[in-house]
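As stored in target_13.cif (mmCIF, C-alpha atoms, pLDDT in the B column; chains and numbers go by the auth columns):
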```
data_work
loop_
_atom_site.group_PDB
_atom_site.id
_atom_site.type_symbol
_atom_site.label_atom_id
_atom_site.label_comp_id
_atom_site.label_asym_id
_atom_site.label_seq_id
_atom_site.Cartn_x
_atom_site.Cartn_y
_atom_site.Cartn_z
_atom_site.B_iso_or_equiv
_atom_site.auth_seq_id
_atom_site.auth_asym_id
ATOM 1 C CA MET A 1 0.000 0.000 0.000 48.00 29 A
ATOM 2 C CA PRO A 2 1.416 3.461 -0.824 50.00 30 A
ATOM 3 C CA ILE A 3 3.136 5.187 2.070 48.00 31 A
ATOM 4 C CA LEU A 4 1.025 8.285 2.262 57.00 32 A
ATOM 5 C CA TYR A 5 0.435 10.088 5.489 49.00 33 A
ATOM 6 C CA GLN A 6 -0.154 13.445 7.084 53.00 34 A
ATOM 7 C CA PRO A 7 1.945 13.868 10.219 51.00 35 A
ATOM 8 C CA PRO A 8 0.444 15.885 13.079 52.00 36 A
ATOM 9 C CA LYS A 9 0.670 19.584 12.491 53.00 37 A
ATOM 10 C CA PRO A 10 3.006 21.135 15.083 51.00 38 A
ATOM 11 C CA ASN A 11 2.235 24.403 16.756 52.00 39 A
ATOM 12 C CA LYS A 12 3.694 27.242 14.756 47.00 40 A
ATOM 13 C CA PRO A 13 4.116 30.924 15.466 42.00 41 A
ATOM 14 C CA ALA A 14 1.813 33.396 13.808 44.00 42 A
ATOM 15 C CA ARG A 15 2.517 33.796 10.108 42.00 43 A
ATOM 16 C CA GLN A 16 4.311 36.835 8.899 42.00 44 A
ATOM 17 C CA LYS A 17 3.527 38.637 5.695 40.00 45 A
ATOM 18 C CA GLY A 18 5.033 36.809 2.747 36.00 46 A
ATOM 19 C CA ASP A 19 5.147 33.372 4.423 39.00 47 A
ATOM 20 C CA THR A 20 4.191 30.391 2.275 38.00 48 A
ATOM 21 C CA HIS A 21 0.635 29.248 2.934 41.00 49 A
ATOM 22 C CA ASP A 22 0.289 25.579 3.987 46.00 50 A
ATOM 23 C CA VAL A 23 -2.287 23.643 1.999 55.00 51 A
ATOM 24 C CA ARG A 24 -3.591 20.540 3.761 63.00 52 A
ATOM 25 C CA MET A 25 -5.889 17.936 2.264 68.00 53 A
ATOM 26 C CA GLY A 26 -8.994 16.243 3.564 78.00 54 A
ATOM 27 C CA PRO A 27 -9.761 12.520 3.204 79.00 55 A
ATOM 28 C CA LEU A 28 -11.876 13.084 0.073 86.00 56 A
ATOM 29 C CA THR A 29 -9.612 15.614 -1.617 89.00 57 A
ATOM 30 C CA SER A 30 -9.141 14.770 -5.290 92.00 58 A
ATOM 31 C CA TYR A 31 -7.102 17.793 -6.446 94.00 59 A
ATOM 32 C CA ILE A 32 -4.746 19.975 -4.458 93.00 60 A
ATOM 33 C CA VAL A 33 -1.963 22.371 -5.386 93.00 61 A
ATOM 34 C CA GLY A 34 1.201 22.488 -3.266 90.00 62 A
ATOM 35 C CA PRO A 35 0.081 20.142 -0.465 89.00 63 A
ATOM 36 C CA THR A 36 2.110 19.983 2.725 83.00 64 A
ATOM 37 C CA GLY A 37 2.560 17.163 5.205 82.00 65 A
ATOM 38 C CA ILE A 38 2.345 14.507 2.465 86.00 66 A
ATOM 39 C CA ARG A 39 5.048 12.103 1.328 87.00 67 A
ATOM 40 C CA PHE A 40 5.300 9.111 -1.012 87.00 68 A
ATOM 41 C CA GLU A 41 7.677 6.176 -0.941 84.00 69 A
ATOM 42 C CA THR A 42 10.369 7.229 -3.416 84.00 70 A
ATOM 43 C CA GLN A 43 10.240 10.970 -2.762 89.00 71 A
ATOM 44 C CA GLU A 44 13.741 12.426 -2.827 89.00 72 A
ATOM 45 C CA GLN A 45 15.231 14.855 -0.359 90.00 73 A
ATOM 46 C CA GLY A 46 14.125 18.371 -1.287 89.00 74 A
ATOM 47 C CA GLU A 47 11.626 17.171 -3.912 92.00 75 A
ATOM 48 C CA LYS A 48 8.436 19.230 -3.764 94.00 76 A
ATOM 49 C CA ILE A 49 4.959 17.958 -4.554 94.00 77 A
ATOM 50 C CA ILE A 50 3.295 20.443 -6.893 95.00 78 A
ATOM 51 C CA LEU A 51 0.039 18.603 -7.653 95.00 79 A
ATOM 52 C CA PHE A 52 -1.712 15.760 -5.859 95.00 80 A
ATOM 53 C CA MET A 53 -4.634 14.140 -7.678 95.00 81 A
ATOM 54 C CA ARG A 54 -7.130 11.309 -7.619 95.00 82 A
ATOM 55 C CA GLN A 55 -10.177 10.607 -9.720 96.00 83 A
ATOM 56 C CA HIS A 56 -12.831 13.254 -9.203 96.00 84 A
ATOM 57 C CA VAL A 57 -14.766 12.644 -5.983 94.00 85 A
ATOM 58 C CA ILE A 58 -17.953 12.332 -8.070 95.00 86 A
ATOM 59 C CA PHE A 59 -16.763 8.803 -8.910 94.00 87 A
ATOM 60 C CA LEU A 60 -17.520 7.803 -5.316 95.00 88 A
ATOM 61 C CA VAL A 61 -21.240 8.357 -5.921 95.00 89 A
ATOM 62 C CA PRO A 62 -21.803 4.911 -7.545 94.00 90 A
ATOM 63 C CA THR A 63 -20.036 3.281 -4.582 94.00 91 A
ATOM 64 C CA ILE A 64 -22.240 5.192 -2.140 95.00 92 A
ATOM 65 C CA CYS A 65 -25.377 4.213 -4.076 96.00 93 A
ATOM 66 C CA LEU A 66 -24.249 0.581 -4.160 94.00 94 A
ATOM 67 C CA ALA A 67 -23.616 0.656 -0.409 95.00 95 A
ATOM 68 C CA ILE A 68 -27.090 2.054 0.282 95.00 96 A
ATOM 69 C CA LEU A 69 -28.694 -0.547 -2.003 94.00 97 A
ATOM 70 C CA LEU A 70 -26.834 -3.460 -0.415 92.00 98 A
ATOM 71 C CA VAL A 71 -27.531 -2.258 3.124 93.00 99 A
ATOM 72 C CA LEU A 72 -31.273 -1.938 2.447 91.00 100 A
ATOM 73 C CA ALA A 73 -31.561 -5.170 0.459 88.00 101 A
ATOM 74 C CA PRO A 74 -31.997 -7.578 3.429 85.00 102 A
ATOM 75 C CA SER A 75 -34.855 -5.534 4.857 84.00 103 A
ATOM 76 C CA VAL A 76 -36.695 -6.055 1.561 82.00 104 A
ATOM 77 C CA LEU A 77 -35.538 -9.510 0.466 76.00 105 A
ATOM 78 C CA VAL A 78 -35.829 -11.368 3.770 70.00 106 A
ATOM 79 C CA PRO A 79 -39.524 -10.475 4.430 74.00 107 A
ATOM 80 C CA PHE A 80 -40.310 -11.197 0.771 72.00 108 A
ATOM 81 C CA MET A 81 -38.692 -14.650 0.912 68.00 109 A
ATOM 82 C CA LEU A 82 -40.338 -15.549 4.194 65.00 110 A
ATOM 83 C CA ARG A 83 -43.775 -14.481 3.033 69.00 111 A
ATOM 84 C CA PHE A 84 -44.007 -15.419 -0.642 66.00 112 A
ATOM 85 C CA MET A 85 -41.451 -18.186 -1.208 66.00 113 A
ATOM 86 C CA HIS A 86 -42.780 -21.557 -0.129 66.00 114 A
ATOM 87 C CA LEU A 87 -39.693 -23.221 1.291 63.00 115 A
ATOM 88 C CA PRO A 88 -39.842 -26.981 2.044 64.00 116 A
ATOM 89 C CA ILE A 89 -38.704 -26.268 5.588 65.00 117 A
ATOM 90 C CA ARG A 90 -39.048 -23.251 7.805 71.00 118 A
ATOM 91 C CA LEU A 91 -35.709 -21.517 8.334 67.00 119 A
ATOM 92 C CA PRO A 92 -34.815 -21.000 11.976 76.00 120 A
ATOM 93 C CA VAL A 93 -34.513 -17.374 13.024 76.00 121 A
ATOM 94 C CA GLY A 94 -30.865 -17.952 13.910 82.00 122 A
ATOM 95 C CA TYR A 95 -30.094 -18.919 10.285 79.00 123 A
ATOM 96 C CA VAL A 96 -31.739 -15.758 9.043 77.00 124 A
ATOM 97 C CA ILE A 97 -29.723 -13.632 11.462 86.00 125 A
ATOM 98 C CA VAL A 98 -26.431 -15.318 10.553 90.00 126 A
ATOM 99 C CA GLY A 99 -27.190 -14.993 6.835 86.00 127 A
ATOM 100 C CA THR A 100 -28.013 -11.310 7.245 88.00 128 A
ATOM 101 C CA LEU A 101 -24.803 -10.651 9.191 93.00 129 A
ATOM 102 C CA PHE A 102 -22.795 -12.455 6.492 94.00 130 A
ATOM 103 C CA TRP A 103 -24.477 -10.270 3.863 92.00 131 A
ATOM 104 C CA TYR A 104 -23.438 -7.117 5.703 94.00 132 A
ATOM 105 C CA VAL A 105 -19.839 -8.348 6.119 96.00 133 A
ATOM 106 C CA VAL A 106 -19.612 -8.998 2.363 95.00 134 A
ATOM 107 C CA THR A 107 -21.199 -5.606 1.677 95.00 135 A
ATOM 108 C CA PHE A 108 -18.645 -3.881 3.884 96.00 136 A
ATOM 109 C CA GLY A 109 -15.795 -5.685 2.103 94.00 137 A
ATOM 110 C CA VAL A 110 -17.053 -4.791 -1.374 94.00 138 A
ATOM 111 C CA VAL A 111 -17.565 -1.123 -0.504 95.00 139 A
ATOM 112 C CA LEU A 112 -14.214 -0.902 1.307 94.00 140 A
ATOM 113 C CA ILE A 113 -12.296 -2.333 -1.657 93.00 141 A
ATOM 114 C CA ARG A 114 -13.978 0.071 -4.080 93.00 142 A
ATOM 115 C CA PHE A 115 -13.169 2.998 -1.793 94.00 143 A
ATOM 116 C CA LEU A 116 -9.540 1.924 -1.325 93.00 144 A
ATOM 117 C CA ARG A 117 -9.069 1.675 -5.083 93.00 145 A
ATOM 118 C CA TRP A 118 -10.277 5.247 -5.421 94.00 146 A
ATOM 119 C CA PHE A 119 -8.331 6.513 -2.402 94.00 147 A
ATOM 120 C CA PHE A 120 -4.958 4.943 -3.242 92.00 148 A
ATOM 121 C CA ASN A 121 -4.969 5.377 -7.030 94.00 149 A
ATOM 122 C CA ILE A 122 -2.882 8.523 -6.942 94.00 150 A
ATOM 123 C CA TYR A 123 -1.329 10.877 -9.473 96.00 151 A
ATOM 124 C CA ILE A 124 1.474 13.147 -8.317 96.00 152 A
ATOM 125 C CA VAL A 125 3.377 15.905 -10.061 96.00 153 A
ATOM 126 C CA THR A 126 6.573 17.101 -8.407 95.00 154 A
ATOM 127 C CA ASP A 127 9.177 19.637 -9.455 93.00 155 A
ATOM 128 C CA LYS A 128 11.212 16.730 -10.899 93.00 156 A
ATOM 129 C CA ARG A 129 8.812 14.112 -12.274 94.00 157 A
ATOM 130 C CA VAL A 130 5.312 12.721 -12.655 95.00 158 A
ATOM 131 C CA VAL A 131 4.247 9.700 -10.593 94.00 159 A
ATOM 132 C CA ASP A 132 1.380 7.249 -11.073 94.00 160 A
ATOM 133 C CA ILE A 133 0.541 4.919 -8.144 92.00 161 A
ATOM 134 C CA ASP A 134 -2.041 2.240 -8.973 91.00 162 A
ATOM 135 C CA PHE A 135 -3.591 0.336 -6.084 87.00 163 A
ATOM 136 C CA VAL A 136 -4.339 -3.266 -7.109 82.00 164 A
ATOM 137 C CA HIS A 137 -5.084 -4.839 -3.738 78.00 165 A
ATOM 138 C CA LEU A 138 -3.891 -4.619 -0.145 74.00 166 A
ATOM 139 C CA LEU A 139 -0.598 -6.395 -0.842 78.00 167 A
ATOM 140 C CA TYR A 140 0.253 -5.093 -4.298 81.00 168 A
ATOM 141 C CA LYS A 141 0.526 -1.781 -6.097 85.00 169 A
ATOM 142 C CA GLU A 142 2.061 -0.549 -9.339 88.00 170 A
ATOM 143 C CA PHE A 143 4.372 2.460 -9.351 90.00 171 A
ATOM 144 C CA SER A 144 5.322 4.353 -12.523 91.00 172 A
ATOM 145 C CA GLU A 145 7.290 7.557 -12.906 92.00 173 A
ATOM 146 C CA ALA A 146 8.931 9.721 -15.550 91.00 174 A
ATOM 147 C CA LYS A 147 11.294 12.655 -15.266 92.00 175 A
ATOM 148 C CA LEU A 148 9.993 15.958 -16.590 92.00 176 A
ATOM 149 C CA SER A 149 12.780 15.938 -19.178 90.00 177 A
ATOM 150 C CA LYS A 150 11.366 12.690 -20.643 91.00 178 A
ATOM 151 C CA ILE A 151 7.909 14.111 -21.328 92.00 179 A
ATOM 152 C CA GLN A 152 7.375 14.743 -25.037 90.00 180 A
ATOM 153 C CA ASP A 153 3.710 15.627 -25.376 92.00 181 A
ATOM 154 C CA MET A 154 0.581 16.120 -23.297 93.00 182 A
ATOM 155 C CA THR A 155 -3.094 16.292 -24.095 94.00 183 A
ATOM 156 C CA PHE A 156 -6.271 16.422 -22.055 94.00 184 A
ATOM 157 C CA LYS A 157 -9.640 15.026 -22.991 92.00 185 A
ATOM 158 C CA THR A 158 -13.051 15.992 -21.676 89.00 186 A
ATOM 159 C CA GLY A 159 -16.413 15.046 -23.010 84.00 187 A
ATOM 160 C CA GLY A 160 -19.938 14.401 -21.872 87.00 188 A
ATOM 161 C CA PHE A 161 -22.404 16.163 -19.641 90.00 189 A
ATOM 162 C CA PHE A 162 -20.952 15.230 -16.261 91.00 190 A
ATOM 163 C CA SER A 163 -17.321 15.923 -17.166 92.00 191 A
ATOM 164 C CA THR A 164 -18.333 19.382 -18.372 91.00 192 A
ATOM 165 C CA ILE A 165 -20.418 20.150 -15.288 93.00 193 A
ATOM 166 C CA PHE A 166 -17.873 18.854 -12.778 94.00 194 A
ATOM 167 C CA ASN A 167 -14.782 19.837 -14.793 94.00 195 A
ATOM 168 C CA TYR A 168 -12.878 16.574 -14.950 96.00 196 A
ATOM 169 C CA GLY A 169 -11.152 14.662 -17.742 95.00 197 A
ATOM 170 C CA ASN A 170 -8.220 12.498 -18.758 95.00 198 A
ATOM 171 C CA VAL A 171 -4.662 13.813 -19.024 96.00 199 A
ATOM 172 C CA VAL A 172 -2.495 11.772 -21.412 95.00 200 A
ATOM 173 C CA ILE A 173 1.275 12.185 -21.083 94.00 201 A
ATOM 174 C CA GLN A 174 3.550 10.769 -23.766 93.00 202 A
ATOM 175 C CA THR A 175 7.120 10.014 -22.777 91.00 203 A
ATOM 176 C CA ALA A 176 10.351 9.325 -24.641 84.00 204 A
ATOM 177 C CA GLY A 177 11.978 5.963 -25.235 75.00 205 A
ATOM 178 C CA GLU A 178 10.732 2.839 -23.520 77.00 206 A
ATOM 179 C CA LEU A 179 9.065 4.662 -20.649 75.00 207 A
ATOM 180 C CA PRO A 180 5.324 4.010 -20.351 78.00 208 A
ATOM 181 C CA ASN A 181 2.847 6.692 -21.251 87.00 209 A
ATOM 182 C CA PHE A 182 0.745 8.082 -18.422 91.00 210 A
ATOM 183 C CA ASP A 183 -3.010 8.425 -18.317 93.00 211 A
ATOM 184 C CA PHE A 184 -4.368 10.449 -15.414 94.00 212 A
ATOM 185 C CA GLU A 185 -7.958 9.254 -15.515 94.00 213 A
ATOM 186 C CA SER A 186 -10.886 11.542 -14.722 94.00 214 A
ATOM 187 C CA VAL A 187 -8.890 14.077 -12.703 96.00 215 A
ATOM 188 C CA PRO A 188 -10.297 17.508 -11.817 96.00 216 A
ATOM 189 C CA ASN A 189 -9.108 20.577 -13.759 95.00 217 A
ATOM 190 C CA PRO A 190 -7.344 18.648 -16.566 95.00 218 A
ATOM 191 C CA GLU A 191 -6.440 21.832 -18.445 95.00 219 A
ATOM 192 C CA LYS A 192 -4.731 23.280 -15.367 95.00 220 A
ATOM 193 C CA VAL A 193 -2.835 20.022 -14.897 96.00 221 A
ATOM 194 C CA VAL A 194 -1.402 20.238 -18.413 96.00 222 A
ATOM 195 C CA GLN A 195 -0.559 23.911 -17.945 95.00 223 A
ATOM 196 C CA THR A 196 1.184 23.231 -14.639 95.00 224 A
ATOM 197 C CA ILE A 197 3.304 20.399 -16.028 95.00 225 A
ATOM 198 C CA SER A 198 4.174 22.469 -19.101 95.00 226 A
ATOM 199 C CA GLY A 199 5.299 25.312 -16.850 94.00 227 A
ATOM 200 C CA LEU A 200 7.476 22.965 -14.804 94.00 228 A
ATOM 201 C CA ILE A 201 9.076 21.540 -17.960 92.00 229 A
ATOM 202 C CA HIS A 202 9.778 25.044 -19.276 90.00 230 A
ATOM 203 C CA LYS A 203 11.254 26.093 -15.939 88.00 231 A
ATOM 204 C CA SER A 204 13.401 22.953 -15.778 79.00 232 A
ATOM 205 C CA THR A 205 14.632 23.463 -19.350 78.00 233 A
ATOM 206 C CA SER A 206 15.430 27.130 -18.757 74.00 234 A
ATOM 207 C CA SER A 207 17.434 26.343 -15.625 66.00 235 A
ATOM 208 C CA THR A 208 19.667 23.887 -17.512 61.00 236 A
ATOM 209 C CA ILE A 209 20.543 26.294 -20.311 57.00 237 A
#
```
Whole structure, structure tokens version:
Amino acid sequence: MPILYQPPKPNKPARQKGDTHDVRMGPLTSYIVGPTGIRFETQEQGEKIILFMRQHVIFLVPTICLAILLVLAPSVLVPFMLRFMHLPIRLPVGYVIVGTLFWYVVTFGVVLIRFLRWFFNIYIVTDKRVVDIDFVHLLYKEFSEAKLSKIQDMTFKTGGFFSTIFNYGNVVIQTAGELPNFDFESVPNPEKVVQTISGLIHKSTSSTI
């Protein structure tokens, strides 16, 4: 599982004019610029996180709807089965209770896995590279990265009613050589993401001249 944490915020003196403003994320944050208190596994000393992204939070709505449906299902199905289905034997109440508890355990597991896949599928842009962390399951993840100097082209794609209303889309990053291309799926503010990465590449190129 990705090492991603927010250490406790220490007490700090009052900010003076011109101090950098700390930007801290909530548990459902899907787009944040210049976050503080966040690290990832291979982050280098002095490397700054410029953008932190996940899929737009709107993609949690189907999971929430599924959770509500599965939680309410026993209260509808169990009375229906007991009343209208003519079973050869009458099920003891204990069996019904155990079956219902098993249903809720499975429901919790399904919803938790869907949430973890959203929560830990992370896209990061630093001042040195882009990083894609794909959560597969609790014991396995895929980690891809590319230096800014290896990025050759970028495009963003939006389309459809919901992506227009909620301003999300895919950012496709093409890299040089044998490095894999990156696809930041359904991230908020895709145009700003491309602009930010382009600015970092330009800044990096200018500093090496």
Practice task
Would you kindly return, as an MDAnalysis selection string, each protein, DNA or RNA residue with an atom no farther than 7 Å from any atom of segment 194-211 of chain A, considering all atoms listed in the file and excluding same-chain residues fewer than 3 positions away?
Solution key: chainID A and resid 84 178:186 190:191 214:218
Exercise for the section: Just the residues within 8 Å of Ser172 of chain A, please, counting all atoms listed in the file, with nothing from its chain fewer than 6 positions along; format it as a list in words. Expected result: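 Surrounding residues, per the criterion: Val159, Asp160, Ile161 and Pro208 of chain A.
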Fill in the blank from the handout: The distance between atom CA of Phe108 of chain A and atom CA of Val138 of chain A is 24.2 Å
Exercise for the section: Apply the PyMOL selection byres ((chain A and resi 70-80) around 12) to the file shown and report the selected residues as an MDAnalysis selection string. Expected result: chainID A and resid 30:32 51:54 57:69 81:84 147:161 171:173 212 215:218 220:225 227:228
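Taking atom CA of His165 of chain A and atom CA of Pro90 of chain A as the two end points, the separation is 19.7 Å.
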Problem - Which of A:Phe163, A:Tyr168, A:Pro102, A:Ile141 sits closest to Val126 of chain A [using all atoms listed in the file] - result: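 Looking only at the distances to Val126 of chain A, the closest residue turns out to be A:Pro102.
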Exercise for the section: Find, counting all atoms listed in the file, the residue in A:Glu170, A:Ile193, A:Leu176, A:Glu213 that gets nearest to His230 of chain A. Expected result: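 The closest residue to His230 of chain A is A:Leu176.
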Handout entry: Non-local contacts of Trp131 of chain A (12 Å; only C-alpha atoms; under 6 positions in same chain excluded) as a PyMOL selection string
Key = chain A and resi 95+98-103+105-106+124-125+137-138
Practice task
Could you check which of A:Val133, A:Ile92, A:Ala174, A:Thr128 is closest to Pro107 of chain A, using all atoms listed in the file?
Solution key: A:Thr128
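You will find atom CA of Val134 of chain A at 16.5 Å from atom CA of Leu166 of chain A.
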First collect every listed atom of segment 80-83 of chain A; then fit an axis-aligned box around them, widen it by 8 Å on each side, and give centre and edge lengths in Å to one decimal, as JSON.
```
{"center_x": -5.9, "center_y": 13.2, "center_z": -7.8, "size_x": 24.5, "size_y": 21.2, "size_z": 19.9}
```
